[in-house]
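S.K.: Structure supplied as model.txt; contents: compact mmCIF, N, CA and C atoms and all ligand atoms.
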# COMPACT_ATOMS: atom_id res chain seq x y z
N MET D 1 41.51 -42.88 271.36
CA MET D 1 40.69 -41.83 270.74
C MET D 1 39.37 -42.40 270.24
N SER D 2 38.31 -41.62 270.41
CA SER D 2 36.99 -42.10 269.98
C SER D 2 36.84 -41.99 268.47
N ILE D 3 35.86 -42.74 267.97
CA ILE D 3 35.55 -42.69 266.54
C ILE D 3 35.16 -41.27 266.15
N LEU D 4 34.44 -40.59 267.06
CA LEU D 4 34.00 -39.23 266.77
C LEU D 4 35.20 -38.30 266.58
N SER D 5 36.18 -38.38 267.48
CA SER D 5 37.37 -37.53 267.34
C SER D 5 38.10 -37.83 266.04
N HIS D 6 38.23 -39.13 265.73
CA HIS D 6 38.90 -39.50 264.47
C HIS D 6 38.17 -38.89 263.28
N THR D 7 36.82 -39.00 263.31
CA THR D 7 36.03 -38.49 262.19
C THR D 7 36.18 -36.98 262.06
N LEU D 8 36.15 -36.27 263.19
CA LEU D 8 36.26 -34.81 263.14
C LEU D 8 37.63 -34.38 262.61
N ILE D 9 38.68 -35.07 263.03
CA ILE D 9 40.03 -34.72 262.56
C ILE D 9 40.14 -34.98 261.06
N THR D 10 39.59 -36.11 260.61
CA THR D 10 39.62 -36.44 259.18
C THR D 10 38.90 -35.35 258.38
N LEU D 11 37.73 -34.97 258.87
CA LEU D 11 36.93 -33.94 258.22
C LEU D 11 37.67 -32.60 258.20
N PHE D 12 38.28 -32.28 259.32
CA PHE D 12 39.03 -31.03 259.43
C PHE D 12 40.15 -30.98 258.38
N PHE D 13 40.91 -32.07 258.27
CA PHE D 13 42.02 -32.08 257.31
C PHE D 13 41.53 -32.09 255.87
N PHE D 14 40.38 -32.73 255.64
CA PHE D 14 39.79 -32.73 254.30
C PHE D 14 39.49 -31.29 253.88
N ILE D 15 38.84 -30.55 254.78
CA ILE D 15 38.48 -29.15 254.48
C ILE D 15 39.73 -28.28 254.39
N LEU D 16 40.68 -28.52 255.31
CA LEU D 16 41.93 -27.78 255.30
C LEU D 16 42.65 -27.92 253.95
N MET D 17 42.59 -29.12 253.39
CA MET D 17 43.27 -29.39 252.13
C MET D 17 42.76 -28.55 250.97
N GLU D 18 41.46 -28.19 251.01
CA GLU D 18 40.95 -27.31 249.95
C GLU D 18 41.68 -25.96 250.04
N GLY D 19 41.91 -25.50 251.28
CA GLY D 19 42.65 -24.26 251.47
C GLY D 19 44.09 -24.41 251.00
N VAL D 20 44.70 -25.53 251.35
CA VAL D 20 46.08 -25.80 250.94
C VAL D 20 46.15 -25.89 249.41
N ALA D 21 45.18 -26.56 248.81
CA ALA D 21 45.16 -26.71 247.35
C ALA D 21 44.99 -25.34 246.68
N TRP D 22 44.09 -24.53 247.22
CA TRP D 22 43.87 -23.18 246.67
C TRP D 22 45.16 -22.35 246.75
N PHE D 23 45.79 -22.37 247.95
CA PHE D 23 47.01 -21.59 248.15
C PHE D 23 48.13 -22.07 247.22
N THR D 24 48.31 -23.38 247.18
CA THR D 24 49.35 -23.96 246.33
C THR D 24 49.11 -23.61 244.86
N HIS D 25 47.85 -23.74 244.44
CA HIS D 25 47.52 -23.47 243.04
C HIS D 25 47.80 -22.00 242.68
N LYS D 26 47.35 -21.10 243.57
CA LYS D 26 47.46 -19.67 243.27
C LYS D 26 48.90 -19.16 243.39
N TYR D 27 49.59 -19.56 244.45
CA TYR D 27 50.89 -18.93 244.72
C TYR D 27 52.10 -19.78 244.34
N ILE D 28 51.93 -21.09 244.23
CA ILE D 28 53.08 -21.93 243.87
C ILE D 28 52.96 -22.41 242.42
N MET D 29 51.83 -23.05 242.11
CA MET D 29 51.69 -23.60 240.76
C MET D 29 51.66 -22.49 239.69
N HIS D 30 51.02 -21.36 240.04
CA HIS D 30 51.06 -20.21 239.12
C HIS D 30 52.19 -19.26 239.51
N GLY D 31 53.15 -19.75 240.26
CA GLY D 31 54.34 -18.99 240.64
C GLY D 31 55.55 -19.77 240.17
N PHE D 32 56.47 -20.06 241.11
CA PHE D 32 57.69 -20.76 240.68
C PHE D 32 57.41 -22.20 240.25
N GLY D 33 56.25 -22.74 240.62
CA GLY D 33 55.92 -24.12 240.24
C GLY D 33 55.26 -24.23 238.87
N TRP D 34 55.23 -23.13 238.14
CA TRP D 34 54.59 -23.11 236.81
C TRP D 34 55.23 -24.13 235.86
N VAL D 35 56.52 -24.41 236.03
CA VAL D 35 57.20 -25.38 235.15
C VAL D 35 56.47 -26.72 235.12
N TRP D 36 55.89 -27.14 236.25
CA TRP D 36 55.11 -28.39 236.26
C TRP D 36 53.67 -28.14 235.85
N HIS D 37 53.12 -27.01 236.33
CA HIS D 37 51.68 -26.78 236.17
C HIS D 37 51.31 -26.38 234.74
N GLN D 38 52.24 -25.78 234.02
CA GLN D 38 51.99 -25.32 232.65
C GLN D 38 51.37 -26.44 231.79
N SER D 39 51.87 -27.66 232.01
CA SER D 39 51.37 -28.81 231.25
C SER D 39 49.86 -28.98 231.40
N HIS D 40 49.31 -28.50 232.54
CA HIS D 40 47.87 -28.65 232.78
C HIS D 40 47.06 -27.55 232.11
N HIS D 41 47.72 -26.52 231.63
CA HIS D 41 47.02 -25.44 230.93
C HIS D 41 47.25 -25.54 229.43
N GLU D 42 47.83 -26.63 228.98
CA GLU D 42 48.05 -26.86 227.55
C GLU D 42 47.41 -28.18 227.19
N PRO D 43 47.12 -28.40 225.90
CA PRO D 43 46.57 -29.71 225.51
C PRO D 43 47.52 -30.83 225.92
N ARG D 44 46.96 -31.91 226.50
CA ARG D 44 47.80 -33.00 227.01
C ARG D 44 48.38 -33.83 225.87
N LYS D 45 49.66 -34.13 226.00
CA LYS D 45 50.28 -35.04 225.04
C LYS D 45 50.43 -36.37 225.75
N GLY D 46 49.64 -37.35 225.36
CA GLY D 46 49.73 -38.66 226.02
C GLY D 46 48.85 -38.72 227.25
N LYS D 47 49.02 -39.77 228.04
CA LYS D 47 48.12 -40.02 229.17
C LYS D 47 48.46 -39.20 230.41
N LEU D 48 49.72 -38.88 230.57
CA LEU D 48 50.13 -38.18 231.78
C LEU D 48 50.62 -36.78 231.47
N GLU D 49 50.65 -35.93 232.48
CA GLU D 49 51.20 -34.60 232.32
C GLU D 49 52.13 -34.32 233.50
N LEU D 50 53.05 -33.42 233.30
CA LEU D 50 54.02 -33.10 234.35
C LEU D 50 53.31 -32.65 235.63
N ASN D 51 52.16 -31.98 235.46
CA ASN D 51 51.37 -31.48 236.58
C ASN D 51 50.94 -32.60 237.54
N ASP D 52 50.87 -33.83 237.05
CA ASP D 52 50.47 -34.96 237.90
C ASP D 52 51.43 -35.16 239.07
N LEU D 53 52.65 -34.65 238.92
CA LEU D 53 53.63 -34.78 240.01
C LEU D 53 53.14 -34.11 241.29
N TYR D 54 52.30 -33.07 241.17
CA TYR D 54 51.79 -32.43 242.38
C TYR D 54 51.00 -33.41 243.24
N GLY D 55 50.25 -34.29 242.60
CA GLY D 55 49.50 -35.31 243.34
C GLY D 55 50.43 -36.20 244.15
N MET D 56 51.58 -36.53 243.54
CA MET D 56 52.58 -37.38 244.23
C MET D 56 53.15 -36.64 245.44
N VAL D 57 53.41 -35.34 245.26
CA VAL D 57 53.98 -34.54 246.35
C VAL D 57 53.01 -34.53 247.54
N PHE D 58 51.72 -34.30 247.27
CA PHE D 58 50.74 -34.26 248.35
C PHE D 58 50.55 -35.63 249.00
N ALA D 59 50.83 -36.69 248.26
CA ALA D 59 50.65 -38.04 248.82
C ALA D 59 51.71 -38.36 249.87
N VAL D 60 52.86 -37.69 249.80
CA VAL D 60 53.95 -38.01 250.74
C VAL D 60 53.57 -37.73 252.21
N PRO D 61 53.15 -36.48 252.55
CA PRO D 61 52.76 -36.26 253.96
C PRO D 61 51.60 -37.15 254.37
N SER D 62 50.67 -37.40 253.46
CA SER D 62 49.53 -38.26 253.77
C SER D 62 50.00 -39.66 254.16
N CYS D 63 50.88 -40.24 253.35
CA CYS D 63 51.40 -41.59 253.65
C CYS D 63 52.15 -41.62 254.97
N LEU D 64 53.02 -40.62 255.18
CA LEU D 64 53.82 -40.59 256.41
C LEU D 64 52.92 -40.50 257.65
N LEU D 65 51.90 -39.62 257.57
CA LEU D 65 50.99 -39.47 258.71
C LEU D 65 50.25 -40.79 258.99
N ILE D 66 49.80 -41.45 257.94
CA ILE D 66 49.07 -42.71 258.12
C ILE D 66 50.00 -43.77 258.71
N ILE D 67 51.22 -43.87 258.20
CA ILE D 67 52.16 -44.88 258.69
C ILE D 67 52.50 -44.65 260.16
N TYR D 68 52.93 -43.41 260.50
CA TYR D 68 53.32 -43.15 261.89
C TYR D 68 52.11 -43.12 262.82
N GLY D 69 50.97 -42.64 262.32
CA GLY D 69 49.77 -42.56 263.16
C GLY D 69 49.15 -43.90 263.45
N SER D 70 49.40 -44.90 262.58
CA SER D 70 48.75 -46.19 262.78
C SER D 70 49.39 -47.00 263.90
N GLU D 71 50.59 -46.60 264.35
CA GLU D 71 51.22 -47.34 265.46
C GLU D 71 50.33 -47.30 266.70
N ASN D 72 49.87 -46.09 267.04
CA ASN D 72 48.99 -45.96 268.21
C ASN D 72 47.60 -45.46 267.85
N MET D 73 47.28 -45.47 266.57
CA MET D 73 46.00 -44.94 266.09
C MET D 73 45.72 -43.56 266.70
N ASP D 74 46.71 -42.68 266.59
CA ASP D 74 46.51 -41.32 267.12
C ASP D 74 46.00 -40.38 266.02
N TRP D 75 45.99 -39.07 266.31
CA TRP D 75 45.43 -38.08 265.39
C TRP D 75 46.09 -38.07 264.03
N ARG D 76 47.38 -38.49 263.98
CA ARG D 76 48.09 -38.43 262.70
C ARG D 76 47.46 -39.35 261.68
N PHE D 77 46.93 -40.50 262.16
CA PHE D 77 46.28 -41.43 261.24
C PHE D 77 45.08 -40.76 260.57
N SER D 78 44.21 -40.13 261.37
CA SER D 78 43.01 -39.48 260.82
C SER D 78 43.37 -38.30 259.94
N ALA D 79 44.45 -37.58 260.31
CA ALA D 79 44.89 -36.44 259.51
C ALA D 79 45.34 -36.93 258.13
N GLY D 80 46.16 -37.98 258.12
CA GLY D 80 46.65 -38.55 256.85
C GLY D 80 45.50 -39.07 256.01
N LEU D 81 44.51 -39.66 256.68
CA LEU D 81 43.34 -40.17 255.98
C LEU D 81 42.55 -39.02 255.34
N GLY D 82 42.42 -37.91 256.06
CA GLY D 82 41.72 -36.74 255.53
C GLY D 82 42.39 -36.23 254.26
N ILE D 83 43.72 -36.18 254.28
CA ILE D 83 44.47 -35.71 253.10
C ILE D 83 44.28 -36.70 251.94
N ALA D 84 44.33 -37.99 252.25
CA ALA D 84 44.18 -39.01 251.21
C ALA D 84 42.78 -38.94 250.59
N LEU D 85 41.75 -38.75 251.44
CA LEU D 85 40.38 -38.68 250.92
C LEU D 85 40.19 -37.44 250.06
N TYR D 86 40.86 -36.34 250.45
CA TYR D 86 40.78 -35.14 249.62
C TYR D 86 41.42 -35.42 248.25
N GLY D 87 42.56 -36.10 248.28
CA GLY D 87 43.25 -36.44 247.03
C GLY D 87 42.36 -37.29 246.13
N LEU D 88 41.65 -38.22 246.74
CA LEU D 88 40.75 -39.09 245.97
C LEU D 88 39.60 -38.27 245.38
N ALA D 89 39.00 -37.41 246.22
CA ALA D 89 37.89 -36.57 245.75
C ALA D 89 38.38 -35.64 244.64
N TYR D 90 39.57 -35.08 244.83
CA TYR D 90 40.14 -34.18 243.83
C TYR D 90 40.32 -34.91 242.51
N PHE D 91 40.85 -36.12 242.59
CA PHE D 91 41.06 -36.89 241.37
C PHE D 91 39.72 -37.17 240.67
N LEU D 92 38.74 -37.65 241.45
CA LEU D 92 37.46 -38.00 240.86
C LEU D 92 36.77 -36.79 240.25
N VAL D 93 36.81 -35.66 240.96
CA VAL D 93 36.08 -34.50 240.47
C VAL D 93 36.89 -33.72 239.43
N HIS D 94 38.16 -33.49 239.71
CA HIS D 94 38.97 -32.68 238.79
C HIS D 94 39.37 -33.45 237.54
N ASP D 95 39.97 -34.61 237.73
CA ASP D 95 40.52 -35.33 236.58
C ASP D 95 39.47 -36.14 235.82
N VAL D 96 38.53 -36.75 236.57
CA VAL D 96 37.52 -37.55 235.89
C VAL D 96 36.35 -36.69 235.46
N PHE D 97 35.69 -36.04 236.41
CA PHE D 97 34.46 -35.31 236.11
C PHE D 97 34.71 -34.07 235.24
N VAL D 98 35.65 -33.22 235.62
CA VAL D 98 35.85 -31.98 234.88
C VAL D 98 36.65 -32.19 233.59
N HIS D 99 37.81 -32.85 233.71
CA HIS D 99 38.67 -32.97 232.52
C HIS D 99 38.44 -34.24 231.70
N GLN D 100 37.59 -35.14 232.22
CA GLN D 100 37.22 -36.34 231.45
C GLN D 100 38.41 -37.17 231.01
N ARG D 101 39.39 -37.33 231.90
CA ARG D 101 40.53 -38.20 231.55
C ARG D 101 40.08 -39.63 231.49
N VAL D 102 39.00 -39.93 232.19
CA VAL D 102 38.34 -41.22 232.07
C VAL D 102 36.91 -40.84 231.69
N LYS D 103 36.37 -41.47 230.65
CA LYS D 103 35.02 -41.09 230.20
C LYS D 103 33.99 -41.67 231.17
N TRP D 104 33.57 -40.85 232.10
CA TRP D 104 32.71 -41.31 233.17
C TRP D 104 32.06 -40.08 233.76
N LEU D 105 30.88 -40.19 234.28
CA LEU D 105 30.17 -39.04 234.84
C LEU D 105 30.09 -37.91 233.81
N THR D 106 29.76 -38.27 232.57
CA THR D 106 29.81 -37.27 231.50
C THR D 106 28.60 -36.33 231.51
N LYS D 107 27.46 -36.81 232.00
CA LYS D 107 26.24 -36.01 231.79
C LYS D 107 25.63 -35.45 233.07
N THR D 108 26.41 -35.39 234.12
CA THR D 108 25.85 -34.90 235.38
C THR D 108 25.27 -33.50 235.24
N GLN D 109 24.04 -33.32 235.68
CA GLN D 109 23.43 -32.00 235.62
C GLN D 109 23.12 -31.46 237.02
N VAL D 110 23.69 -32.08 238.05
CA VAL D 110 23.49 -31.57 239.41
C VAL D 110 24.02 -30.13 239.42
N PRO D 111 23.19 -29.15 239.79
CA PRO D 111 23.60 -27.74 239.67
C PRO D 111 24.96 -27.43 240.29
N TYR D 112 25.23 -27.96 241.48
CA TYR D 112 26.50 -27.63 242.14
C TYR D 112 27.69 -28.16 241.33
N PHE D 113 27.57 -29.40 240.82
CA PHE D 113 28.68 -29.98 240.05
C PHE D 113 28.85 -29.29 238.71
N ARG D 114 27.73 -28.90 238.12
CA ARG D 114 27.78 -28.13 236.88
C ARG D 114 28.56 -26.84 237.09
N ALA D 115 28.23 -26.15 238.21
CA ALA D 115 28.90 -24.88 238.54
C ALA D 115 30.39 -25.13 238.78
N MET D 116 30.71 -26.25 239.43
CA MET D 116 32.11 -26.58 239.71
C MET D 116 32.88 -26.79 238.41
N ARG D 117 32.26 -27.53 237.49
CA ARG D 117 32.92 -27.81 236.21
C ARG D 117 33.14 -26.52 235.42
N LEU D 118 32.09 -25.68 235.33
CA LEU D 118 32.21 -24.45 234.55
C LEU D 118 33.17 -23.45 235.20
N THR D 119 33.17 -23.42 236.53
CA THR D 119 34.10 -22.53 237.22
C THR D 119 35.54 -22.94 236.93
N HIS D 120 35.78 -24.25 236.90
CA HIS D 120 37.15 -24.70 236.61
C HIS D 120 37.51 -24.44 235.14
N HIS D 121 36.55 -24.54 234.25
CA HIS D 121 36.83 -24.20 232.85
C HIS D 121 37.19 -22.72 232.73
N LEU D 122 36.58 -21.91 233.60
CA LEU D 122 36.91 -20.49 233.63
C LEU D 122 38.38 -20.31 234.00
N HIS D 123 38.84 -21.12 234.96
CA HIS D 123 40.26 -21.07 235.33
C HIS D 123 41.13 -21.43 234.12
N HIS D 124 40.67 -22.43 233.36
CA HIS D 124 41.46 -22.89 232.21
C HIS D 124 41.34 -22.00 230.98
N ALA D 125 40.44 -21.00 231.03
CA ALA D 125 40.30 -20.09 229.90
C ALA D 125 41.60 -19.31 229.69
N VAL D 126 42.42 -19.24 230.75
CA VAL D 126 43.69 -18.53 230.67
C VAL D 126 44.81 -19.56 230.56
N HIS D 127 45.68 -19.41 229.58
CA HIS D 127 46.73 -20.41 229.37
C HIS D 127 48.09 -19.95 229.84
N THR D 128 48.09 -18.89 230.62
CA THR D 128 49.37 -18.35 231.07
C THR D 128 49.47 -18.39 232.58
N LYS D 129 50.68 -18.14 233.05
CA LYS D 129 50.96 -18.14 234.48
C LYS D 129 50.18 -17.02 235.19
N GLU D 130 50.13 -15.85 234.55
CA GLU D 130 49.46 -14.70 235.15
C GLU D 130 48.02 -14.60 234.65
N GLY D 131 47.19 -13.94 235.45
CA GLY D 131 45.87 -13.54 234.97
C GLY D 131 44.74 -14.55 235.12
N ALA D 132 45.05 -15.74 235.66
CA ALA D 132 43.97 -16.72 235.82
C ALA D 132 43.13 -16.38 237.05
N GLU D 133 41.89 -16.90 237.10
CA GLU D 133 41.06 -16.74 238.29
C GLU D 133 40.52 -18.10 238.71
N ALA D 134 39.77 -18.12 239.82
CA ALA D 134 39.13 -19.34 240.32
C ALA D 134 40.15 -20.46 240.59
N PHE D 135 40.92 -20.31 241.65
CA PHE D 135 41.97 -21.27 241.98
C PHE D 135 41.49 -22.39 242.90
N GLY D 136 40.34 -22.18 243.53
CA GLY D 136 39.81 -23.20 244.45
C GLY D 136 39.25 -24.37 243.67
N PHE D 137 38.74 -25.36 244.38
CA PHE D 137 38.22 -26.44 243.60
C PHE D 137 36.91 -27.04 244.08
N LEU D 138 36.96 -27.87 245.13
CA LEU D 138 35.74 -28.56 245.56
C LEU D 138 34.70 -27.60 246.12
N PHE D 139 35.19 -26.53 246.78
CA PHE D 139 34.25 -25.57 247.35
C PHE D 139 34.14 -24.39 246.39
N VAL D 140 33.03 -24.34 245.69
CA VAL D 140 32.83 -23.31 244.68
C VAL D 140 32.28 -22.05 245.35
N LEU D 141 32.89 -20.91 245.08
CA LEU D 141 32.45 -19.66 245.68
C LEU D 141 31.01 -19.35 245.25
N PRO D 142 30.21 -18.78 246.18
CA PRO D 142 28.80 -18.48 245.85
C PRO D 142 28.62 -17.69 244.57
N LYS D 143 29.55 -16.75 244.28
CA LYS D 143 29.37 -15.95 243.05
C LYS D 143 29.43 -16.83 241.80
N TYR D 144 30.26 -17.87 241.83
CA TYR D 144 30.34 -18.76 240.66
C TYR D 144 29.14 -19.70 240.62
N VAL D 145 28.67 -20.13 241.80
CA VAL D 145 27.51 -21.00 241.83
C VAL D 145 26.32 -20.25 241.23
N ARG D 146 26.16 -18.97 241.61
CA ARG D 146 25.04 -18.17 241.08
C ARG D 146 25.18 -18.01 239.57
N ARG D 147 26.42 -17.82 239.11
CA ARG D 147 26.66 -17.58 237.69
C ARG D 147 26.45 -18.83 236.83
N PHE D 148 26.82 -19.99 237.37
CA PHE D 148 26.87 -21.19 236.52
C PHE D 148 25.86 -22.27 236.85
N ARG D 149 25.01 -22.09 237.83
CA ARG D 149 24.22 -23.26 238.24
C ARG D 149 23.22 -23.68 237.15
N GLY D 150 22.93 -22.79 236.22
CA GLY D 150 22.13 -23.17 235.06
C GLY D 150 20.62 -23.18 235.30
ZN ZN D 201 46.07 -23.45 237.04
ZN ZN D 202 42.22 -28.41 235.65
Kindly return the structure encoded in the file as structure tokens.

M.R.:
Amino acid sequence: MSILSHTLITLFFFILMEGVAWFTHKYIMHGFGWVWHQSHHEPRKGKLELNDLYGMVFAVPSCLLIIYGSENMDWRFSAGLGIALYGLAYFLVHDVFVHQRVKWLTKTQVPYFRAMRLTHHLHHAVHTKEGAEAFGFLFVLPKYVRRFRG
């Protein structure tokens, strides 16, 4: 497989993961998976929260794809890499930039990132399973970008 095909597959899975994350957040985490996710809508006690387990769950298919795909360097390797890169981006933007679990990137005023942070705070304005909005993450809907770009 060419480098170009690998890159396109990685990119495809990266983008796909935003859809998977949105779907999971809206229908699973705010559904029967609320038992884990609730911890993320309440003040954190200590360094970790039960919601962090979702990251572990998503890491499993990523690891398996990378392991099996690396035997022949087929599409599964690039797919697993795309999922892993999404996980990394999600951690950096969601946990570090938005929730400040690590004090870093505190003063970013890039309009798109500002809109992303405020849109996610809008999601957190609701502390219950029902009634929340803005379930997506890295890709901020145009209506929120217009509202929050500052
Ligand atoms: Zn939520
Ligand atoms: Zn959050």

S.K.: Give me, please, the distance in Å between CA of Val35 (chain D) and CA of Ala125 (chain D), quoted to one decimal.

M.R.: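 Between these atoms lies a distance of 18.5 Å.
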
S.K.: Using all atoms listed in the file, what table do you get, as CSV, when you list each residue of chain D with an atom no more than 8 Å from ligand ZN 201 (chain D), its nearest pair of atoms, and their distance in Å rounded to one decimal, rows by chain then rising number?

M.R.:
residue,atom,partner,partner_atom,distance
D:His25,C,D:ZN201,ZN,6.1
D:Lys26,N,D:ZN201,ZN,7.1
D:Met29,C,D:ZN201,ZN,6.3
D:His30,N,D:ZN201,ZN,6.2
D:His37,C,D:ZN201,ZN,6.4
D:Gln38,N,D:ZN201,ZN,7.3
D:His40,C,D:ZN201,ZN,6.5
D:His41,N,D:ZN201,ZN,6.4
D:His123,C,D:ZN201,ZN,6.1
D:His124,N,D:ZN201,ZN,6.6
D:Val126,C,D:ZN201,ZN,7.7
D:Thr128,C,D:ZN201,ZN,7.6
D:Lys129,CA,D:ZN201,ZN,7.7
D:Ala132,CA,D:ZN201,ZN,7.2
D:Glu133,N,D:ZN201,ZN,7.8
D:Ala134,C,D:ZN201,ZN,7.5
D:Phe135,CA,D:ZN201,ZN,6.8

S.K.: Would you pick out the contacts of region 55-65 of chain D at 5 Å or less, using all atoms listed in the file, so that residues sharing its chain but fewer than 4 positions from it are not included, and give the list as a PyMOL selection string?

M.R.: chain D and resi 69+76-77+80

S.K.: Go through D:Tyr54, D:Lys103, D:Ser2, D:His121 and flag the residue nearest ligand ZN 202 (chain D), using all atoms listed in the file for the distances.

M.R.: D:His121

S.K.: As an exercise, work out the distance from CA of Phe32 (chain D) to atom C of Tyr144 (chain D) in Å and give it to one decimal place.

M.R.: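 A separation of 28.6 Å between them.
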
S.K.: Would you mind completing region 106-125 of chain D so that it carries N, CA, C and O atoms, and writing it out as a short mmCIF file (atom, residue, chain, number, x, y, z; two decimals), keeping the file's coordinate frame?

M.R.:
data_model
loop_
_atom_site.label_atom_id
_atom_site.label_comp_id
_atom_site.auth_asym_id
_atom_site.auth_seq_id
_atom_site.Cartn_x
_atom_site.Cartn_y
_atom_site.Cartn_z
N THR D 106 29.76 -38.27 232.57
CA THR D 106 29.81 -37.27 231.50
C THR D 106 28.60 -36.33 231.51
O THR D 106 28.70 -35.21 231.05
N LYS D 107 27.46 -36.81 232.00
CA LYS D 107 26.24 -36.01 231.79
C LYS D 107 25.63 -35.45 233.07
O LYS D 107 24.47 -35.09 233.07
N THR D 108 26.41 -35.39 234.12
CA THR D 108 25.85 -34.90 235.38
C THR D 108 25.27 -33.50 235.24
O THR D 108 25.93 -32.62 234.71
N GLN D 109 24.04 -33.32 235.68
CA GLN D 109 23.43 -32.00 235.62
C GLN D 109 23.12 -31.46 237.02
O GLN D 109 22.36 -30.51 237.16
N VAL D 110 23.69 -32.08 238.05
CA VAL D 110 23.49 -31.57 239.41
C VAL D 110 24.02 -30.13 239.42
O VAL D 110 25.17 -29.90 239.03
N PRO D 111 23.19 -29.15 239.79
CA PRO D 111 23.60 -27.74 239.67
C PRO D 111 24.96 -27.43 240.29
O PRO D 111 25.77 -26.72 239.68
N TYR D 112 25.23 -27.96 241.48
CA TYR D 112 26.50 -27.63 242.14
C TYR D 112 27.69 -28.16 241.33
O TYR D 112 28.69 -27.48 241.14
N PHE D 113 27.57 -29.40 240.82
CA PHE D 113 28.68 -29.98 240.05
C PHE D 113 28.85 -29.29 238.71
O PHE D 113 29.96 -29.12 238.22
N ARG D 114 27.73 -28.90 238.12
CA ARG D 114 27.78 -28.13 236.88
C ARG D 114 28.56 -26.84 237.09
O ARG D 114 29.44 -26.48 236.33
N ALA D 115 28.23 -26.15 238.21
CA ALA D 115 28.90 -24.88 238.54
C ALA D 115 30.39 -25.13 238.78
O ALA D 115 31.24 -24.35 238.36
N MET D 116 30.71 -26.25 239.43
CA MET D 116 32.11 -26.58 239.71
C MET D 116 32.88 -26.79 238.41
O MET D 116 33.97 -26.27 238.21
N ARG D 117 32.26 -27.53 237.49
CA ARG D 117 32.92 -27.81 236.21
C ARG D 117 33.14 -26.52 235.42
O ARG D 117 34.24 -26.25 234.93
N LEU D 118 32.09 -25.68 235.33
CA LEU D 118 32.21 -24.45 234.55
C LEU D 118 33.17 -23.45 235.20
O LEU D 118 33.89 -22.74 234.51
N THR D 119 33.17 -23.42 236.53
CA THR D 119 34.10 -22.53 237.22
C THR D 119 35.54 -22.94 236.93
O THR D 119 36.41 -22.11 236.70
N HIS D 120 35.78 -24.25 236.90
CA HIS D 120 37.15 -24.70 236.61
C HIS D 120 37.51 -24.44 235.14
O HIS D 120 38.66 -24.14 234.84
N HIS D 121 36.55 -24.54 234.25
CA HIS D 121 36.83 -24.20 232.85
C HIS D 121 37.19 -22.72 232.73
O HIS D 121 37.97 -22.33 231.88
N LEU D 122 36.58 -21.91 233.60
CA LEU D 122 36.91 -20.49 233.63
C LEU D 122 38.38 -20.31 234.00
O LEU D 122 39.09 -19.48 233.43
N HIS D 123 38.84 -21.12 234.96
CA HIS D 123 40.26 -21.07 235.33
C HIS D 123 41.13 -21.43 234.12
O HIS D 123 42.16 -20.84 233.87
N HIS D 124 40.67 -22.43 233.36
CA HIS D 124 41.46 -22.89 232.21
C HIS D 124 41.34 -22.00 230.98
O HIS D 124 42.02 -22.24 229.98
N ALA D 125 40.44 -21.00 231.03
CA ALA D 125 40.30 -20.09 229.90
C ALA D 125 41.60 -19.31 229.69
O ALA D 125 41.87 -18.79 228.62
#
